[in-house]
file run_31.cif (mmCIF, C-alpha atoms)
data_final
#
loop_
_atom_site.label_atom_id
_atom_site.label_comp_id
_atom_site.auth_asym_id
_atom_site.auth_seq_id
_atom_site.Cartn_x
_atom_site.Cartn_y
_atom_site.Cartn_z
CA MET H 214 -28.08 34.57 11.27
CA LYS H 215 -27.36 31.91 13.89
CA PHE H 216 -27.55 29.22 11.21
CA ALA H 217 -24.75 30.94 9.26
CA GLN H 218 -22.68 31.27 12.43
CA ILE H 219 -22.93 27.52 12.94
CA LEU H 220 -22.58 26.52 9.30
CA VAL H 221 -19.29 28.32 8.64
CA PRO H 222 -17.32 26.57 11.44
CA VAL H 223 -18.82 23.21 10.47
CA ALA H 224 -17.82 23.75 6.83
CA MET H 225 -14.31 24.76 7.89
CA ALA H 226 -13.98 21.64 10.03
CA ALA H 227 -15.11 19.48 7.12
CA LEU H 228 -12.47 21.06 4.90
CA ALA H 229 -9.80 20.42 7.52
CA VAL H 230 -10.74 16.75 7.70
CA ALA H 231 -10.73 16.48 3.90
CA SER H 232 -7.30 18.06 3.64
CA THR H 233 -5.95 15.74 6.34
CA SER H 234 -7.19 12.76 4.31
CA ALA H 235 -5.51 14.14 1.22
CA MET H 236 -2.21 14.47 3.12
CA ALA H 237 -2.49 10.83 4.16
CA ALA H 238 -2.83 9.77 0.53
CA VAL H 239 -0.35 7.39 -1.02
CA ASP H 240 2.88 8.89 -2.33
CA ALA H 241 2.96 6.82 -5.51
CA ASP H 242 6.32 8.20 -6.64
CA ALA H 243 8.00 7.21 -3.37
CA ALA H 244 6.35 3.77 -3.39
CA GLN H 245 7.41 3.13 -6.99
CA ALA H 246 10.97 4.27 -6.22
CA LEU H 247 11.17 1.83 -3.28
CA PHE H 248 9.61 -0.90 -5.46
CA LYS H 249 12.24 -0.27 -8.14
CA LYS H 250 15.16 0.08 -5.68
CA ASN H 251 14.34 -3.34 -4.21
CA ASP H 252 13.94 -5.04 -7.63
CA CYS H 253 10.35 -5.97 -6.81
CA SER H 254 9.57 -5.74 -10.53
CA LYS H 255 11.74 -8.81 -11.05
CA CYS H 256 8.87 -10.90 -9.68
CA HIS H 257 5.87 -8.51 -9.69
CA SER H 258 4.11 -6.25 -12.15
CA VAL H 259 1.12 -4.03 -11.53
CA ASP H 260 -1.19 -5.90 -13.88
CA LYS H 261 0.58 -9.03 -15.14
CA ALA H 262 1.65 -12.15 -13.31
CA LYS H 263 5.37 -12.82 -13.43
CA LYS H 264 7.22 -15.10 -11.04
CA GLY H 265 4.92 -13.60 -8.38
CA PRO H 266 1.33 -12.37 -8.63
CA ALA H 267 0.34 -9.06 -10.19
CA LEU H 268 -0.12 -6.30 -7.64
CA LYS H 269 -3.74 -5.98 -8.77
CA LYS H 270 -4.26 -9.59 -7.72
CA VAL H 271 -2.57 -8.98 -4.38
CA ALA H 272 -4.81 -5.95 -3.81
CA ALA H 273 -7.90 -7.95 -4.75
CA ASN H 274 -6.94 -10.72 -2.29
CA TYR H 275 -6.70 -8.21 0.56
CA LYS H 276 -9.71 -6.09 -0.40
CA GLY H 277 -11.94 -5.41 2.60
CA LYS H 278 -9.57 -7.01 5.11
CA ALA H 279 -8.84 -4.83 8.14
CA ASP H 280 -5.29 -6.20 8.49
CA ALA H 281 -4.35 -5.81 4.81
CA GLN H 282 -1.67 -3.17 5.33
CA ALA H 283 -0.10 -5.04 8.24
CA SER H 284 -0.16 -8.33 6.31
CA ILE H 285 1.65 -6.82 3.33
CA ILE H 286 4.22 -5.14 5.57
CA LYS H 287 4.83 -8.47 7.32
CA ALA H 288 5.28 -10.23 3.97
CA ILE H 289 7.82 -7.71 2.70
CA THR H 290 9.79 -7.40 5.95
CA THR H 291 10.01 -10.96 7.26
CA GLY H 292 10.78 -13.01 4.13
CA PRO H 293 8.13 -15.72 4.48
CA LYS H 294 7.97 -18.72 2.18
CA VAL H 295 5.83 -17.91 -0.85
CA LYS H 296 4.29 -20.36 -3.26
CA LEU H 297 4.93 -19.55 -6.91
CA ASP H 298 2.60 -20.25 -9.82
CA ASP H 299 4.72 -23.25 -10.86
CA GLY H 300 4.15 -24.82 -7.42
CA SER H 301 7.65 -24.20 -6.12
CA GLN H 302 8.35 -22.23 -2.95
CA GLU H 303 10.99 -19.69 -2.04
CA ASP H 304 11.65 -17.03 0.58
CA HIS H 305 10.13 -13.66 -0.29
CA LYS H 306 12.78 -10.96 -0.58
CA ILE H 307 12.98 -8.64 2.41
CA ILE H 308 12.55 -5.00 1.47
CA ASP H 309 15.53 -2.80 2.26
CA THR H 310 14.04 -0.21 4.62
CA LYS H 311 13.07 0.00 8.27
CA ASP H 312 11.20 3.29 7.74
CA GLN H 313 7.65 2.55 8.95
CA ALA H 314 6.18 5.43 6.95
CA ALA H 315 7.78 4.11 3.76
CA LEU H 316 6.56 0.57 4.51
CA LYS H 317 3.02 1.79 5.12
CA ASN H 318 3.18 3.88 1.96
CA ILE H 319 4.28 0.99 -0.27
CA ALA H 320 1.68 -1.32 1.30
CA ASP H 321 -1.04 1.26 0.69
CA TRP H 322 0.24 1.75 -2.88
CA ILE H 323 -0.02 -2.01 -3.51
CA LEU H 324 -3.53 -2.06 -2.01
CA ALA H 325 -4.54 0.84 -4.26
CA GLN H 326 -3.80 -1.10 -7.44
#
call {"tool": "encode", "arguments": {"input": "run_31.cif", "output": "structure tokens"}}
result
Amino acid sequence: MKFAQILVPVAMAALAVASTSAMAAVDADAAQALFKKNDCSKCHSVDKAKKGPALKKVAANYKGKADAQASIIKAITTGPKVKLDDGSQEDHKIIDTKDQAALKNIADWILAQ
């Protein structure tokens, strides 16, 4: 009987943690809308290189790096010089939002590719 009394609260806590993780999941629709609104698809595609690298390549480059999200946010908010496949360089376009949640969401969406 005591085992059941302990097991039920533990199971409920595990479900609460799982649902919190689900709420923190990427909002792909919002990320894609921001991506489209800022004309990111002019230079990037999910799986094909254009003027800029495919998002899958970007995600692969950051895989396993603790600062991946912060690095992507910095790249899309500060307009650093980026090297293109043809060897030329230009300033990366600055994304048109200051909303930190939206920036984190789009960075996580890119990393999920």
call {"tool": "residues_around", "arguments": {"input": "run_31.cif", "residues": "Phe248 in chain H", "least_positions_apart": "3", "cutoff": "10 Å", "atoms": "all atoms listed in the file", "output": "count of residues only"}}
result
14
call {"tool": "atom_distance", "arguments": {"input": "run_31.cif", "atom1": "CA of Lys311 in chain H", "atom2": "CA of Val239 in chain H"}}
result
17.9 Å
call {"tool": "resolve_selection", "arguments": {"input": "run_31.cif", "expression": "the PyMOL selection byres ((chain H and resi 325) around 9)", "output": "NGL selection string"}}
result
:H and (239 or 269 or 272 or 320-324 or 326)
call {"tool": "write_last_selection", "arguments": {"input": "run_31.cif", "atoms": "C-alpha atoms", "output": "compact mmCIF listing (two decimals), keeping the file's coordinate frame"}}
result
# COMPACT_ATOMS: atom_id res chain seq x y z
CA VAL H 239 -0.35 7.39 -1.02
CA LYS H 269 -3.74 -5.98 -8.77
CA ALA H 272 -4.81 -5.95 -3.81
CA ALA H 320 1.68 -1.32 1.30
CA ASP H 321 -1.04 1.26 0.69
CA TRP H 322 0.24 1.75 -2.88
CA ILE H 323 -0.02 -2.01 -3.51
CA LEU H 324 -3.53 -2.06 -2.01
CA GLN H 326 -3.80 -1.10 -7.44
call {"tool": "atom_distance", "arguments": {"input": "run_31.cif", "atom1": "CA of Ile286 in chain H", "atom2": "CA of Lys317 in chain H"}}
result
7.0 Å
call {"tool": "atom_distance", "arguments": {"input": "run_31.cif", "atom1": "CA of Gly265 in chain H", "atom2": "CA of Gln313 in chain H"}}
result
23.8 Å
call {"tool": "closest_residue", "arguments": {"input": "run_31.cif", "among": "H:Ala281, H:Lys306, H:Ala238, H:Ala273", "to": "Pro293 in chain H", "atoms": "only C-alpha atoms"}}
result
H:Lys306
call {"tool": "closest_residue", "arguments": {"input": "run_31.cif", "among": "H:Cys256, H:Ile307, H:Leu247, H:Leu268", "to": "Gly292 in chain H", "atoms": "only C-alpha atoms"}}
result
H:Ile307
call {"tool": "axis_aligned_box", "arguments": {"input": "run_31.cif", "around": "range 257-275 of chain H", "padding_each_side": "5 Å", "output": "JSON"}}
result
{"center_x": -0.3, "center_y": -9.6, "center_z": -7.3, "size_x": 25.1, "size_y": 21.1, "size_z": 25.7}
call {"tool": "resolve_selection", "arguments": {"input": "run_31.cif", "expression": "the PyMOL selection byres ((chain H and resi 294) around 9)", "output": "list in words"}}
result
Gly292, Pro293, Val295, Lys296, Gln302, Glu303, Asp304 and His305 of chain H
call {"tool": "build_atoms", "arguments": {"input": "run_31.cif", "residues": "range 294-307 of chain H", "atoms": "N, CA and C atoms", "output": "JSON list (two decimals), keeping the file's coordinate frame"}}
result
[["chain", "number", "residue", "atom", "x", "y", "z"],
["H", 294, "LYS", "N", 8.02, -17.84, 3.35],
["H", 294, "LYS", "CA", 7.97, -18.72, 2.18],
["H", 294, "LYS", "C", 6.75, -18.33, 1.36],
["H", 295, "VAL", "N", 6.93, -18.22, 0.06],
["H", 295, "VAL", "CA", 5.83, -17.91, -0.85],
["H", 295, "VAL", "C", 5.75, -19.00, -1.89],
["H", 296, "LYS", "N", 4.51, -19.35, -2.25],
["H", 296, "LYS", "CA", 4.29, -20.36, -3.26],
["H", 296, "LYS", "C", 4.17, -19.67, -4.61],
["H", 297, "LEU", "N", 4.93, -20.13, -5.57],
["H", 297, "LEU", "CA", 4.93, -19.55, -6.91],
["H", 297, "LEU", "C", 3.92, -20.28, -7.79],
["H", 298, "ASP", "N", 3.60, -19.66, -8.92],
["H", 298, "ASP", "CA", 2.60, -20.25, -9.82],
["H", 298, "ASP", "C", 2.98, -21.65, -10.30],
["H", 299, "ASP", "N", 4.29, -21.93, -10.39],
["H", 299, "ASP", "CA", 4.72, -23.25, -10.86],
["H", 299, "ASP", "C", 4.70, -24.30, -9.75],
["H", 300, "GLY", "N", 4.26, -23.89, -8.54],
["H", 300, "GLY", "CA", 4.15, -24.82, -7.42],
["H", 300, "GLY", "C", 5.36, -24.83, -6.51],
["H", 301, "SER", "N", 6.45, -24.24, -6.95],
["H", 301, "SER", "CA", 7.65, -24.20, -6.12],
["H", 301, "SER", "C", 7.49, -23.15, -5.03],
["H", 302, "GLN", "N", 8.37, -23.19, -4.04],
["H", 302, "GLN", "CA", 8.35, -22.23, -2.95],
["H", 302, "GLN", "C", 9.73, -21.60, -2.80],
["H", 303, "GLU", "N", 9.73, -20.35, -2.37],
["H", 303, "GLU", "CA", 10.99, -19.69, -2.04],
["H", 303, "GLU", "C", 10.72, -18.61, -1.02],
["H", 304, "ASP", "N", 11.79, -18.11, -0.39],
["H", 304, "ASP", "CA", 11.65, -17.03, 0.58],
["H", 304, "ASP", "C", 11.39, -15.72, -0.17],
["H", 305, "HIS", "N", 10.40, -14.97, 0.30],
["H", 305, "HIS", "CA", 10.13, -13.66, -0.29],
["H", 305, "HIS", "C", 11.28, -12.73, 0.08],
["H", 306, "LYS", "N", 11.71, -11.91, -0.84],
["H", 306, "LYS", "CA", 12.78, -10.96, -0.58],
["H", 306, "LYS", "C", 12.34, -9.96, 0.49],
["H", 307, "ILE", "N", 13.26, -9.63, 1.37],
["H", 307, "ILE", "CA", 12.98, -8.64, 2.41],
["H", 307, "ILE", "C", 13.31, -7.26, 1.87]]
